[in-house]
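Following: one structure in structure tokens, then a few remarks.
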Amino acid sequence: MTRAFLVVMDSVGIGGAPDADRFFNGEIPDTGANTLAHIAQACAEGRAEKGRSGPLHLPTLDALGLGAATRLASGATTPGLDAEPAGLWGSAREYSPGKDTPSGHWELAGLPVPWDWHYFPDTTHAFPAELRRAAAEAAGTDDILGDCHASGTTIIAELGAEHMRTGWPICYTSADSVFQIAAHEESFGLDRLLNMCKALAPHLHEMKVGRVIARPFVGSVNDGFTRTTNRKDFAILPPAPVLTNWVQDAGRRVHAVGKIGDIFSMQGIDTLRKGSDAELMGHLSDLVEEAEEGSLTFANFVEFDSLYGHRRDISGYASALEWFDREIGKILNKLRPGDMMLLTADHGNDPSWVGTDHTREQVPVLIAGQGSGQIGAVDFADVAASIAHHLNVPAQGPGKSFL
């Protein structure tokens, strides 16, 4: 038997989504957004010099086909990424009506989202009165703070002091289908925050809100507030079996790294390892050494998106890509004969774009351990079908193997 490693570089889009004009940052359509190409162009032009310098340097990913995949998807120039690919490579497009984490991951796992997500309006009061009352009741408080669209780091800076004074949780949303709750780990309590999210999740999932997200933070008014790594997503369950179920139902083991456990509500998952991206890289390295024959390891590296994409930090995003390239190169050298590692993304988050939302883009499909060549333009769901084919397990859904 062989093993498969599916690694999602969260938000590393490569532009070119044919339906980008239907998705927006504020009033601006995502047409022309290109996370990877615009970062590469900024680096080459000296516009990404904070903490790093020079052209974007991604020798491992480029050798697998990252630059070539970007040019295939969008025709954009990719300065510094011009290697002749040594892996299997291509681009993938999404059909689900969203540009968020669940939509992308579900479809990569073989299940296009069969409904439209519910999004909250960007108004002074984003939430209906009934939901606001339910949130206060779940918290055991008289009311909530926030009730708006906001950046998570910004809103805890603005409302953290009032939260600590009143004890009211900070509830907010974004352009994604999410209901986020920020609370102080010590004064409010982490368990209390998680229980509040768990209590609200069924109501929000019935509304087709994709995720309820606990956003704990620490700190003080004098020292400032900082979010912790104890975030937890309470995601709506996929309505049909996905790749993790297919593999597990075939009697194989499935290991999740990072957000994967939350995204799929632990469906079809045997083990879960969490932490910062640096810690996750260590977990992935360990699993390449330890995972059983026939197993699937499904990993998500979120900090490209959460720390740099939403904050429109081109230099930070470039630095994160270069760090990832160095570390994943070490791990690729540990693959056993017959193993497959497939690196892809779930959406874009162009740090040069307007607004702070995700961007509707195609994504790279880069495959190590299975020879070289171009697979062309494929669908997200083909990723799941191809991994199932590699593992010799029955596949469901619309995807077709490109192996």
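The chains in the structure tokens are called A, B, ... from first to last as shown; in each chain the residues are counted from 1, and the ligands are counted from 1 in the order shown.
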
With a cut-off of 12 Å, could you pull out the residues of region 146-183 of chain A touching region 96-105 of chain A and give me the nearest pair of atoms for each, distance in Å to one decimal, using only C-alpha atoms, ordered by chain and ascending number, as JSON lines?
{"residue": "A:Ser174", "atom": "CA", "partner": "A:Asp100", "partner_atom": "CA", "distance": 10.8}
{"residue": "A:Ala175", "atom": "CA", "partner": "A:Asp100", "partner_atom": "CA", "distance": 9.1}
{"residue": "A:Asp176", "atom": "CA", "partner": "A:Asp100", "partner_atom": "CA", "distance": 6.1}
{"residue": "A:Ser177", "atom": "CA", "partner": "A:Asp100", "partner_atom": "CA", "distance": 7.7}
{"residue": "A:Val178", "atom": "CA", "partner": "A:Asp100", "partner_atom": "CA", "distance": 9.6}

Problem set entry | Residue contacts of region 162-164 of chain A (8 Å, only C-alpha atoms) excluding same-chain residues fewer than 4 positions away, as an MDAnalysis selection string | chainID A and resid 145 168:170 183:184 187:188

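Shortest separation to Val354 (chain A) among A:Pro79, A:Gly309, A:Gly54, A:Gly160 occurs at residue A:Gly309, atoms counted being only C-alpha atoms.
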
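When only C-alpha atoms are used to compute distances to Val209 (chain A), the closest of the residues A:Gly90, A:Ala33, A:Pro238, A:Asp116 turns out to be A:Asp116.
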
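Note that DSSP on the backbone gives alpha helix (DSSP H) to these residues of region 172-229 of chain A: Leu190, Asp191, Arg192, Leu193, Leu194, Asn195, Met196, Cys197, Lys198, Ala199, Leu200, Ala201, Pro202, His203, Leu204, His205 and Glu206 of chain A.
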
For this session: Could you find all residues in region 3-166 of chain A that DSSP calls strand (DSSP E or B) from the backbone, and write them as an NGL selection string?
Result: :A and (4-9 or 24-25 or 28-29 or 88-93 or 145-149)

Could you dump the residues just selected with N, CA and C atoms as a PDB file, in the first residue's frame?
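File produced: out-v7.pdb:
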ATOM      1  N   ALA A   4      -0.937   8.910   1.342  1.00  0.00           N
ATOM      2  CA  ALA A   4      -1.238  10.191   0.711  1.00  0.00           C
ATOM      3  C   ALA A   4      -1.203  11.294   1.752  1.00  0.00           C
ATOM      4  N   PHE A   5      -0.654  12.445   1.359  1.00  0.00           N
ATOM      5  CA  PHE A   5      -0.576  13.632   2.195  1.00  0.00           C
ATOM      6  C   PHE A   5      -1.177  14.787   1.398  1.00  0.00           C
ATOM      7  N   LEU A   6      -2.301  15.301   1.872  1.00  0.00           N
ATOM      8  CA  LEU A   6      -2.987  16.425   1.226  1.00  0.00           C
ATOM      9  C   LEU A   6      -2.741  17.661   2.073  1.00  0.00           C
ATOM     10  N   VAL A   7      -2.021  18.636   1.518  1.00  0.00           N
ATOM     11  CA  VAL A   7      -1.586  19.817   2.272  1.00  0.00           C
ATOM     12  C   VAL A   7      -2.197  21.059   1.634  1.00  0.00           C
ATOM     13  N   VAL A   8      -3.018  21.770   2.405  1.00  0.00           N
ATOM     14  CA  VAL A   8      -3.678  22.985   1.935  1.00  0.00           C
ATOM     15  C   VAL A   8      -2.913  24.201   2.444  1.00  0.00           C
ATOM     16  N   MET A   9      -2.374  24.971   1.507  1.00  0.00           N
ATOM     17  CA  MET A   9      -1.737  26.253   1.823  1.00  0.00           C
ATOM     18  C   MET A   9      -2.847  27.299   1.795  1.00  0.00           C
ATOM     19  N   PHE A  24     -17.001  39.680  -4.406  1.00  0.00           N
ATOM     20  CA  PHE A  24     -16.644  41.073  -4.168  1.00  0.00           C
ATOM     21  C   PHE A  24     -15.860  41.272  -2.878  1.00  0.00           C
ATOM     22  N   ASN A  25     -15.039  42.320  -2.862  1.00  0.00           N
ATOM     23  CA  ASN A  25     -14.509  42.932  -1.648  1.00  0.00           C
ATOM     24  C   ASN A  25     -15.164  44.303  -1.573  1.00  0.00           C
ATOM     25  N   ILE A  28     -16.087  46.129  -4.931  1.00  0.00           N
ATOM     26  CA  ILE A  28     -15.118  45.857  -5.986  1.00  0.00           C
ATOM     27  C   ILE A  28     -15.099  44.358  -6.290  1.00  0.00           C
ATOM     28  N   PRO A  29     -15.352  43.953  -7.544  1.00  0.00           N
ATOM     29  CA  PRO A  29     -15.304  42.532  -7.881  1.00  0.00           C
ATOM     30  C   PRO A  29     -13.878  41.999  -7.804  1.00  0.00           C
ATOM     31  N   LEU A  88       4.204  16.628 -10.903  1.00  0.00           N
ATOM     32  CA  LEU A  88       2.928  16.762 -11.611  1.00  0.00           C
ATOM     33  C   LEU A  88       2.317  18.089 -11.189  1.00  0.00           C
ATOM     34  N   TRP A  89       1.784  18.846 -12.130  1.00  0.00           N
ATOM     35  CA  TRP A  89       1.302  20.168 -11.761  1.00  0.00           C
ATOM     36  C   TRP A  89       0.120  20.587 -12.627  1.00  0.00           C
ATOM     37  N   GLY A  90      -0.682  21.476 -12.061  1.00  0.00           N
ATOM     38  CA  GLY A  90      -1.812  22.038 -12.784  1.00  0.00           C
ATOM     39  C   GLY A  90      -2.507  23.072 -11.921  1.00  0.00           C
ATOM     40  N   SER A  91      -3.690  23.460 -12.338  1.00  0.00           N
ATOM     41  CA  SER A  91      -4.503  24.414 -11.590  1.00  0.00           C
ATOM     42  C   SER A  91      -5.887  23.823 -11.396  1.00  0.00           C
ATOM     43  N   ALA A  92      -6.604  24.326 -10.382  1.00  0.00           N
ATOM     44  CA  ALA A  92      -7.947  23.814 -10.104  1.00  0.00           C
ATOM     45  C   ALA A  92      -8.911  24.965  -9.865  1.00  0.00           C
ATOM     46  N   ARG A  93     -10.142  24.788 -10.315  1.00  0.00           N
ATOM     47  CA  ARG A  93     -11.183  25.789 -10.108  1.00  0.00           C
ATOM     48  C   ARG A  93     -12.301  25.208  -9.253  1.00  0.00           C
ATOM     49  N   LEU A 145     -21.483  42.560  22.865  1.00  0.00           N
ATOM     50  CA  LEU A 145     -20.789  43.678  22.225  1.00  0.00           C
ATOM     51  C   LEU A 145     -20.560  43.342  20.756  1.00  0.00           C
ATOM     52  N   GLY A 146     -20.272  44.362  19.973  1.00  0.00           N
ATOM     53  CA  GLY A 146     -19.959  44.140  18.568  1.00  0.00           C
ATOM     54  C   GLY A 146     -21.174  44.238  17.688  1.00  0.00           C
ATOM     55  N   ASP A 147     -21.710  43.064  17.275  1.00  0.00           N
ATOM     56  CA  ASP A 147     -22.883  43.008  16.396  1.00  0.00           C
ATOM     57  C   ASP A 147     -22.602  43.741  15.086  1.00  0.00           C
ATOM     58  N   CYS A 148     -21.459  43.389  14.454  1.00  0.00           N
ATOM     59  CA  CYS A 148     -21.039  44.124  13.262  1.00  0.00           C
ATOM     60  C   CYS A 148     -20.037  43.291  12.469  1.00  0.00           C
ATOM     61  N   HIS A 149     -19.701  43.784  11.279  1.00  0.00           N
ATOM     62  CA  HIS A 149     -18.571  43.269  10.524  1.00  0.00           C
ATOM     63  C   HIS A 149     -17.305  43.893  11.089  1.00  0.00           C
TER      64      HIS A 149
END

For this session: Considering only C-alpha atoms, state which residue in the set A:Ile263, A:Phe324, A:Val242, A:Phe23 is at the smallest distance from Glu107 (chain A).
Result: A:Val242

Exercise. What does the distance between CA of Ser276 (chain A) and CA of Ser151 (chain A) come to in Å, to one decimal place?
Worked result: 19.8 Å
